[in-house]
Amino acid sequence: MSDNDPHRVSADTDRRALLITLALLGAFMVFEVAMAIVSGSLALLADAGHMVADVGGISGSLLALHLAARPETRSHTYGMKRAEILAAATNGITLLLVAALVTFEAIHRLVHPSKVHGVVLIAVAGVGVMVNLLATVTMSRANRTSLNIEGAYRHILTDLYGFAGTVIAGIVIIVTGFTRADSIASLIVVGLMLKAAWELLRPAVHILLEATPEDIDLDEVRRHLLELPEVESVHDLHAWTLTSSLPIFTAHVVVHDECMTSGESGRVLDHLQDCLAGHFDVAHSTLQLESIGHVDHELGSHP
């Protein structure tokens with residue numbers, strides 16, 4: 001069993017990793033904003049903006065983790081497990097907004113370059129590399145099969161790459177005096193932000209739109225269910241993802257009439273659900289067993 005197995009990594013482990021990371025990034029964010037103002041570096045300010053998004057994102061991840069752990073109620077029969085998907089989508093949108101602001105300022109400074117203190121740039125970015133490296137190691141121990149946790153991890157990893165680029169920009173400025181390197185480094189950070197945003201928003205939107213999980217082929221599911229001799233046909237197949245690693249499946253299964261009258265329906269149902277769990281890793285399935293002919297007067301039926 002891998003370290004990232006959701007059954008092995010507890011919610012407490014995830015919460016502790018998020019809290020440690022939040023403390024590290026929060027302290028460094030304040031430090032970086034101050035040094036960006038002192039040095040006049042847009043790259044540092046861009047990274048600080050990204051850090052603001054990270055701190056807000058991790059705070060949102062902590063809240064989502066708390067909400068997802070709440071039990072089911074009459075008004076929320078699945079609980080609030082989808083909160084983590086909303087948090088991931090919010091993180092992605094925030095990254096897009098920060099990227100747009102930094103891009104605007106970076107282009108302005110490419111046209112009208114300003115003085116940048118390369119030594120300060122290197123010193124602050126070097127500290128940023130160490131802080132984000134520590135945060136990355138901390139988050140890597142959490143359950144990254146969760147889109148919520150993976151979103152926080154990708155934020156931090158993006159910062160780590162961004163700070164490495166900022167160090168290089170500082171060296172270029174000191175050696176060559178080419179101050180536009182700061183703006184170029186900022187645009188590289190923007191590229192990393194856009195990549196992280198896409199990798200968060202794509203699966204989050206896929207889940208929110210209740211699309212079929214990418215690793216489930218409904219035609220293959222149908223073939224497996226039809227292998228049982230008692231099964232005549234399968235219709236109204238639906239598959240979606242409630243939250244990370246929690247696919248849901250429903251279907252209407254037509255069985256022979258004698259199966260319904262002989263008391264074998266329970267065995268057939270067990271077999272069908274075992275098939276879904278074993279072959280497709282679907283632990284939550286709802287199957288409606290029907291007799292032949294029922295579909296002829298069933299409302300809203302479809303293949």
# chains A, B, ... in the order shown; residues from 1 in each chain; ligands from 1
$ residues_around --residues "segment 234-247 of chain A" --least-positions-apart "3" --cutoff "9 Å" --atoms "only C-alpha atoms" --output "ChimeraX atom specification"
/A:6,78,81-85,145-148,206-213,216,218,222,225-226,231,250-255,281-285,295,301-303
$ select_by_dssp --residues "segment 10-224 of chain A" --states "alpha helix (DSSP H)" --output "ChimeraX atom specification"
/A:11-39,42-68,83-111,118-140,147-176,180-208,218-224
$ closest_residue --among "A:Ala11, A:Val52, A:Ser114, A:Val119" --to "Leu67 of chain A" --atoms "only C-alpha atoms"
A:Ala11
$ residues_around --residues "Leu187 of chain A" --least-positions-apart "6" --cutoff "10 Å" --atoms "only C-alpha atoms" --output "ChimeraX atom specification"
/A:43,46,99,102-107,162,181,193
$ atom_distance --atom1 "atom CA of His294 of chain A" --atom2 "atom CA of Arg267 of chain A"
20.6 Å
$ closest_residue --among "A:Asn143, A:Thr261, A:Ser186, A:Thr21" --to "Ala48 of chain A" --atoms "only C-alpha atoms"
A:Ser186
